[in-house]
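**Q** Structure incoming, see below.
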Amino acid sequence: MEREPLPGVERALTQVQAGVLTQRELMIQFLSATLIVPSGQDFSTDASAFRPVVVARKDEQFMAVFTARDLAANVANIAPFAAELTGREILAGLDPDMGLTVNPSMQFSFWLPKHTVAEIVADLLGV
């Protein structure tokens, strides 16, 4: 079932696809966006308990995040806990051996392989 893109990352993604925004502009918006980060364990009081949803694609591991709680509900059977983090917080804390996927296998989705994440972190976070 198709739906309208939510303001923020989803809308920016459609603008990239239409040639209105660049991928870099999408990533700048992504950094300040609030995203839903599901976990298999409650990590609200202990960050070491974080168990992300990991999706394998083309011999690479990707941590899954979502633009809305209703989309994250699709993985609630394996990740019943979630936190809201900004894109900046997610990228800064992401395991360097892992890529990132936003809304995996859904209408408004994208995949960032680990080498792309490293480039974004170096370019936009100055790390």
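Identifiers for the structure tokens are assigned positionally: chains receive A, B, ... in sequence, residues are indexed from 1 per chain, and ligands are indexed from 1 in the order shown.
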Please provide the set of residues having any atom within 10 Å of Phe50 in chain A, restricted to only C-alpha atoms, with same-chain residues fewer than 6 positions apart removed, written as a count of residues only.

**A** 10

**Q** What's the 10 Å shell around Thr67 in chain A, counting only C-alpha atoms, without same-chain residues fewer than 3 positions away, as a PyMOL selection string?

**A** chain A and resi 5-10+33-37+70-72+84+102-103+108-109

**Q** Using N, CA and C atoms, can you write the selected residues to a file as a JSON list (two decimals), in the first residue's frame?

**A**
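Below you can see part09.json, which holds the result:
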[["chain", "number", "residue", "atom", "x", "y", "z"],
["A", 5, "PRO", "N", 4.90, 10.50, 1.46],
["A", 5, "PRO", "CA", 6.12, 10.55, 2.27],
["A", 5, "PRO", "C", 5.94, 11.49, 3.47],
["A", 6, "LEU", "N", 6.52, 11.09, 4.58],
["A", 6, "LEU", "CA", 6.51, 11.94, 5.77],
["A", 6, "LEU", "C", 7.47, 13.11, 5.55],
["A", 7, "PRO", "N", 7.22, 14.24, 6.19],
["A", 7, "PRO", "CA", 8.18, 15.34, 6.11],
["A", 7, "PRO", "C", 9.54, 14.88, 6.63],
["A", 8, "GLY", "N", 10.59, 15.50, 6.15],
["A", 8, "GLY", "CA", 11.93, 15.15, 6.60],
["A", 8, "GLY", "C", 12.61, 14.22, 5.64],
["A", 9, "VAL", "N", 13.16, 13.14, 6.16],
["A", 9, "VAL", "CA", 13.99, 12.23, 5.36],
["A", 9, "VAL", "C", 13.21, 11.63, 4.19],
["A", 10, "GLU", "N", 11.99, 11.18, 4.43],
["A", 10, "GLU", "CA", 11.22, 10.57, 3.33],
["A", 10, "GLU", "C", 10.95, 11.57, 2.22],
["A", 33, "ALA", "N", 17.51, 14.70, 11.44],
["A", 33, "ALA", "CA", 16.22, 14.01, 11.54],
["A", 33, "ALA", "C", 16.19, 13.09, 12.76],
["A", 34, "THR", "N", 15.01, 12.95, 13.34],
["A", 34, "THR", "CA", 14.80, 11.99, 14.42],
["A", 34, "THR", "C", 14.32, 10.69, 13.80],
["A", 35, "LEU", "N", 15.02, 9.62, 14.15],
["A", 35, "LEU", "CA", 14.71, 8.30, 13.59],
["A", 35, "LEU", "C", 14.44, 7.32, 14.72],
["A", 36, "ILE", "N", 13.76, 6.24, 14.39],
["A", 36, "ILE", "CA", 13.42, 5.20, 15.35],
["A", 36, "ILE", "C", 14.46, 4.09, 15.20],
["A", 37, "VAL", "N", 15.10, 3.75, 16.31],
["A", 37, "VAL", "CA", 16.14, 2.73, 16.32],
["A", 37, "VAL", "C", 15.67, 1.56, 17.18],
["A", 70, "ASP", "N", 5.38, 3.49, 13.38],
["A", 70, "ASP", "CA", 4.53, 2.48, 12.75],
["A", 70, "ASP", "C", 5.33, 1.61, 11.79],
["A", 71, "LEU", "N", 6.38, 2.15, 11.17],
["A", 71, "LEU", "CA", 7.22, 1.35, 10.28],
["A", 71, "LEU", "C", 8.11, 0.41, 11.09],
["A", 72, "ALA", "N", 8.61, 0.88, 12.22],
["A", 72, "ALA", "CA", 9.43, 0.04, 13.10],
["A", 72, "ALA", "C", 8.61, -1.11, 13.68],
["A", 84, "GLU", "N", 14.47, 6.97, 20.11],
["A", 84, "GLU", "CA", 14.54, 8.01, 19.08],
["A", 84, "GLU", "C", 15.91, 8.65, 19.15],
["A", 102, "VAL", "N", 17.68, 2.61, 6.01],
["A", 102, "VAL", "CA", 16.53, 3.38, 6.51],
["A", 102, "VAL", "C", 15.29, 2.79, 5.86],
["A", 103, "ASN", "N", 14.34, 2.36, 6.68],
["A", 103, "ASN", "CA", 13.09, 1.76, 6.20],
["A", 103, "ASN", "C", 13.36, 0.60, 5.24],
["A", 108, "PHE", "N", 9.74, 4.09, 1.11],
["A", 108, "PHE", "CA", 10.72, 5.18, 1.18],
["A", 108, "PHE", "C", 11.94, 4.67, 1.94],
["A", 109, "SER", "N", 12.84, 4.01, 1.21],
["A", 109, "SER", "CA", 13.99, 3.39, 1.85],
["A", 109, "SER", "C", 15.28, 3.73, 1.13]]

**Q** So which residues touch range 21-32 of chain A within 6 Å, counting only C-alpha atoms, skipping near sequence neighbours fewer than 2 positions away, as a list in words?

**A**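 That gives Val9, Ala12, Gln15, Val16, Gly19, Thr86, Gly87 and Arg88 of chain A.
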
**Q** Next, the residues of the selection above should be written as a compact mmCIF listing (two decimals), in the first residue's frame with C-alpha atoms.

**A**
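To be explicit, this is the file written out as selection-v6.txt:
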# COMPACT_ATOMS: atom_id res chain seq x y z
CA VAL A 9 13.99 12.23 5.36
CA ALA A 12 13.95 14.61 0.95
CA GLN A 15 13.26 15.11 -3.90
CA VAL A 16 16.59 13.37 -4.59
CA GLY A 19 16.53 15.62 -9.07
CA THR A 86 19.08 11.78 15.39
CA GLY A 87 20.81 10.70 12.23
CA ARG A 88 23.96 12.37 13.59

**Q** For Gly99 in chain A, work out the shell of residues within 10 Å, counting only C-alpha atoms and skipping chain neighbours fewer than 6 positions away, then give it as JSON, numbers by chain.

**A** {"A": [54, 55, 56, 57, 60, 61, 62, 63, 64, 91, 111, 112, 113, 114, 115, 116, 117, 118]}

**Q** Write out, as a compact mmCIF listing (two decimals), in the first residue's frame, the residues just selected, with C-alpha atoms.

**A**
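Below you can see out14.txt, which holds the result:
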# COMPACT_ATOMS: atom_id res chain seq x y z
CA VAL A 54 20.69 -6.25 11.40
CA VAL A 55 19.86 -6.95 7.77
CA ALA A 56 22.26 -8.79 5.43
CA ARG A 57 22.53 -7.58 1.85
CA GLU A 60 27.34 -6.76 4.09
CA GLN A 61 25.55 -6.14 7.38
CA PHE A 62 23.25 -3.11 7.76
CA MET A 63 21.70 -1.72 10.93
CA ALA A 64 18.02 -0.92 10.35
CA LEU A 91 26.10 7.64 12.35
CA TRP A 111 20.85 1.74 1.96
CA LEU A 112 24.23 3.17 2.96
CA PRO A 113 27.08 0.64 2.67
CA LYS A 114 29.78 0.92 5.34
CA HIS A 115 32.20 2.70 3.00
CA THR A 116 29.52 5.33 2.27
CA VAL A 117 28.82 5.75 5.97
CA ALA A 118 32.56 6.31 6.54

**Q** Looking at A:Asn74, A:Val121, A:Phe110, A:Gln17, which one is nearest to Glu89 in chain A, with distances taken over only C-alpha atoms?

**A**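 Closest to Glu89 in chain A of all the choices is A:Val121.
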
**Q** Using only C-alpha atoms for the distances, tell me which of A:Ala49, A:Ala73, A:Met98, A:Val65 is nearest to Leu85 in chain A.

**A**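 Among the listed residues, A:Val65 lies closest to Leu85 in chain A.
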
**Q** With DSSP run on the backbone, what are the strand (DSSP E) residues within range 18-127 of chain A? I'd like them as a PyMOL selection string.

**A** chain A and resi 34-39+54-57+60-65+81-86+99-102+110-112

**Q** Would you please work out which residue, of A:Leu100, A:Met106, A:Ile90, A:Ala83, is nearest to Thr45 in chain A when using only C-alpha atoms?

**A**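 Of A:Leu100, A:Met106, A:Ile90, A:Ala83, the one nearest Thr45 in chain A, counting only C-alpha atoms, is A:Ala83.
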
**Q** Report, in Å with one decimal, the straight-line distance from CA of Thr101 in chain A to CA of Lys58 in chain A.

**A**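 Straight-line distance from CA of Thr101 in chain A to CA of Lys58 in chain A works out to 12.9 Å.
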
**Q** If you run DSSP over the backbone, which residues in chain A end up alpha helix (DSSP H)? Put them as number ranges by chain.

**A** A: 9-17, 23-32, 69-72, 87-93, 114-120

**Q** Could you save the residues just selected, with N, CA and C atoms, as a compact mmCIF listing (two decimals), in the first residue's frame?

**A**
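Here's the written file selection17.txt:
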# COMPACT_ATOMS: atom_id res chain seq x y z
N VAL A 9 13.16 13.14 6.16
CA VAL A 9 13.99 12.23 5.36
C VAL A 9 13.21 11.63 4.19
N GLU A 10 11.99 11.18 4.43
CA GLU A 10 11.22 10.57 3.33
C GLU A 10 10.95 11.57 2.22
N ARG A 11 10.54 12.76 2.57
CA ARG A 11 10.27 13.78 1.56
C ARG A 11 11.56 14.16 0.83
N ALA A 12 12.66 14.30 1.57
CA ALA A 12 13.95 14.61 0.95
C ALA A 12 14.38 13.51 -0.01
N LEU A 13 14.11 12.26 0.34
CA LEU A 13 14.45 11.15 -0.55
C LEU A 13 13.69 11.26 -1.87
N THR A 14 12.41 11.60 -1.81
CA THR A 14 11.65 11.75 -3.05
C THR A 14 12.18 12.92 -3.87
N GLN A 15 12.69 13.96 -3.19
CA GLN A 15 13.26 15.11 -3.90
C GLN A 15 14.59 14.75 -4.56
N VAL A 16 15.36 13.87 -3.95
CA VAL A 16 16.59 13.37 -4.59
C VAL A 16 16.22 12.58 -5.83
N GLN A 17 15.23 11.71 -5.72
CA GLN A 17 14.81 10.89 -6.85
C GLN A 17 14.27 11.75 -7.99
N GLN A 23 22.24 14.08 -3.17
CA GLN A 23 22.37 13.09 -2.12
C GLN A 23 23.03 13.71 -0.89
N ARG A 24 23.95 14.63 -1.09
CA ARG A 24 24.61 15.29 0.04
C ARG A 24 23.58 16.10 0.84
N GLU A 25 22.67 16.79 0.14
CA GLU A 25 21.62 17.56 0.83
C GLU A 25 20.70 16.63 1.62
N LEU A 26 20.42 15.46 1.06
CA LEU A 26 19.63 14.45 1.78
C LEU A 26 20.35 14.06 3.07
N MET A 27 21.64 13.83 2.98
CA MET A 27 22.40 13.42 4.16
C MET A 27 22.46 14.53 5.21
N ILE A 28 22.53 15.77 4.79
CA ILE A 28 22.51 16.89 5.73
C ILE A 28 21.18 16.90 6.49
N GLN A 29 20.08 16.67 5.77
CA GLN A 29 18.77 16.60 6.44
C GLN A 29 18.69 15.37 7.35
N PHE A 30 19.28 14.27 6.89
CA PHE A 30 19.28 13.04 7.67
C PHE A 30 19.94 13.24 9.03
N LEU A 31 21.03 14.00 9.07
CA LEU A 31 21.76 14.21 10.32
C LEU A 31 20.90 14.82 11.42
N SER A 32 20.01 15.71 11.05
CA SER A 32 19.17 16.37 12.06
C SER A 32 17.81 15.69 12.26
N ARG A 69 7.47 5.31 13.94
CA ARG A 69 7.23 4.16 14.83
C ARG A 69 6.37 3.08 14.17
N ASP A 70 5.38 3.49 13.38
CA ASP A 70 4.53 2.48 12.75
C ASP A 70 5.33 1.61 11.79
N LEU A 71 6.38 2.15 11.17
CA LEU A 71 7.22 1.35 10.28
C LEU A 71 8.11 0.41 11.09
N ALA A 72 8.61 0.88 12.22
CA ALA A 72 9.43 0.04 13.10
C ALA A 72 8.61 -1.11 13.68
N GLY A 87 19.91 11.32 13.20
CA GLY A 87 20.81 10.70 12.23
C GLY A 87 22.27 10.89 12.62
N ARG A 88 22.59 12.06 13.14
CA ARG A 88 23.96 12.37 13.59
C ARG A 88 24.38 11.39 14.69
N GLU A 89 23.51 11.18 15.68
CA GLU A 89 23.84 10.25 16.77
C GLU A 89 24.00 8.83 16.26
N ILE A 90 23.16 8.45 15.32
CA ILE A 90 23.22 7.10 14.77
C ILE A 90 24.53 6.89 14.03
N LEU A 91 24.87 7.80 13.13
CA LEU A 91 26.10 7.64 12.35
C LEU A 91 27.35 7.72 13.22
N ALA A 92 27.33 8.61 14.21
CA ALA A 92 28.49 8.75 15.09
C ALA A 92 28.74 7.49 15.92
N GLY A 93 27.67 6.77 16.25
CA GLY A 93 27.81 5.58 17.09
C GLY A 93 27.79 4.26 16.34
N LYS A 114 28.85 0.42 4.31
CA LYS A 114 29.78 0.92 5.34
C LYS A 114 30.78 1.91 4.79
N HIS A 115 31.24 1.74 3.54
CA HIS A 115 32.20 2.70 3.00
C HIS A 115 31.53 4.07 2.77
N THR A 116 30.25 4.07 2.43
CA THR A 116 29.52 5.33 2.27
C THR A 116 29.30 6.00 3.62
N VAL A 117 28.98 5.20 4.63
CA VAL A 117 28.82 5.75 5.97
C VAL A 117 30.12 6.42 6.41
N ALA A 118 31.25 5.76 6.15
CA ALA A 118 32.56 6.31 6.54
C ALA A 118 32.81 7.64 5.83
N GLU A 119 32.43 7.74 4.55
CA GLU A 119 32.61 8.98 3.79
C GLU A 119 31.72 10.10 4.36
N ILE A 120 30.48 9.76 4.69
CA ILE A 120 29.55 10.75 5.25
C ILE A 120 30.07 11.24 6.60

**Q** Rounded to one decimal in Å, what is the spacing between CA of Asp95 in chain A and CA of Gln107 in chain A?

**A**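 Atom-to-atom, CA of Asp95 in chain A to CA of Gln107 in chain A, that is 25.9 Å.
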
**Q** Quick one, how far is CA of Pro52 in chain A from CA of Ser105 in chain A?

**A**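 CA of Ser105 in chain A lies at a distance of 16.7 Å from CA of Pro52 in chain A.
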